[in-house]
Amino acid sequence: MYSDDDLNAAVNAGIFSQDAVRDFRSLVAQRQHTVLADEEHFRLLSGFNDIFVVIACILLLGSVAWLGSLLAPAAGAVAVAAVAWGLAEYFVRRRRMALPAIALLGAFVAACPVAILALLGQANRPDELMVLAGGSSAALAAWLHWRRFRVPLTVAAGTGALLVMVIGLLISAMPGLRLYAAPMILAGGVATFALAMYWDQQDPARLQRQSDVAFWLHLLAAPLMVHSFFDMLGILQGTAGLPALVVVLGLYGLFALVSLAIDRRALMVSALAYVLYAFSHLLQTAGLAADGFAVAGLLIGGGLLTLSAFWQHCRRALLPRLPAGLARGLPPLK
């Protein structure tokens with residue numbers, strides 16, 4: 001199997017022309033009766049060997065963490081970070097294996113703040129300082145990993161760590177901001193969404209690495225925005241009244257329009273649990289107490305499948321109705 005990265009590398013090496021690769025992708029799409037732009041590709045597996053390598057890495061890194069922690073609390077995390085980096089030199093930089101790249105990135109970025117927090121944890125430190133130290137060390141680890149290996153998920157991991165660092169710094173400076181954690185997370189989600197759109201605009205055809213980076217950023221931005229917004233509505237505490245539940249359904253419709261416009265489905269998937277709860281609760285108030293959730297799942301699931309089947313048709317109907325300046329920055333119709 002050949003990935004888009006392999007085909008792009010062949011074009012850069014002069015083996016294939018850009019037109020030949022474009023024609024090849026179109027042929028594959030026609031044979032599979034799909035539209036390539038509608039598939040929202042991101043590379044995860046190149047074969048079962050990816051799974052085999054990940055299982056072996058988990059066993060090795062788990063053993064290293066266990067044995068290292070016998071020496072000192074931070075030693076296990078330091079050893080995991082070092083081994084994960086060394087494994088990435090072969091399996092990511094040389095072999096370019098997608099799933100091991102994600103696993104080793106996660107191990108490295110997680111191990112670095114764990115080591116720092118283990119060192120700081122030996123003294124009585126304020127919680128805000130611990131959050132700040134963990135977020136900054138994770139962000140630095142992600143930046144170093146990106147400079148060396150260019151794994152698309154790294155940008156999202158570093159962005160998430162930066163958000164933790166910034167929110168921790170603000171709360172440390174002004175403890176009263178604890179009451180406004182949800183709005184700050186929402187603002188971070190909006191900023192992450194804007195960063196994802198920046199990467200998306202660098203690759204409108206969704207064929208290069210920039211599109212993969214944008215995919216993971218959208219996947220991070222969506223729960224940050226959805227979770228924090230619904231938290232402010234009281235959905236997570238179970239205190240939302242009927243007006244708030246109606247607002248949830250309206251917001252889900254808005255998320256669907258935004259997802260269509262930007263040709264990404266992450267917003268809709270992230271909000272799905274909340275809208276199922278809201279819709280089932282509305283049905284229960286209408287007298288379907290026992291079957292509300294099942295009916296909600298039937299209606300929403302059927303609607304999502306219909307939307308998926310006619311995704312590009314819906315985009316063709318939506319994009320011409322958007323302001324011209326806004327539509328120019330969106331992925332083109334296919």
# chains A, B, ... in the order shown; residues from 1 in each chain; ligands from 1
>>> select_by_dssp(residues="stretch 191-329 of chain A", states="alpha helix (DSSP H)", output="PyMOL selection string")
chain A and resi 191-201+209-233+242-262+266-270+272-285+292-309+311-318+324-327
>>> closest_atom_pairs(of="stretch 160-278 of chain A", to="stretch 317-321 of chain A", cutoff="9 Å", atoms="only C-alpha atoms", output="CSV")
residue,atom,partner,partner_atom,distance
A:Leu257,CA,A:Leu318,CA,8.1
A:Leu260,CA,A:Leu318,CA,7.8
A:Ala261,CA,A:Leu319,CA,6.6
>>> atom_distance(atom1="atom CA of A:Leu267", atom2="atom CA of A:Ala191")
14.5 Å
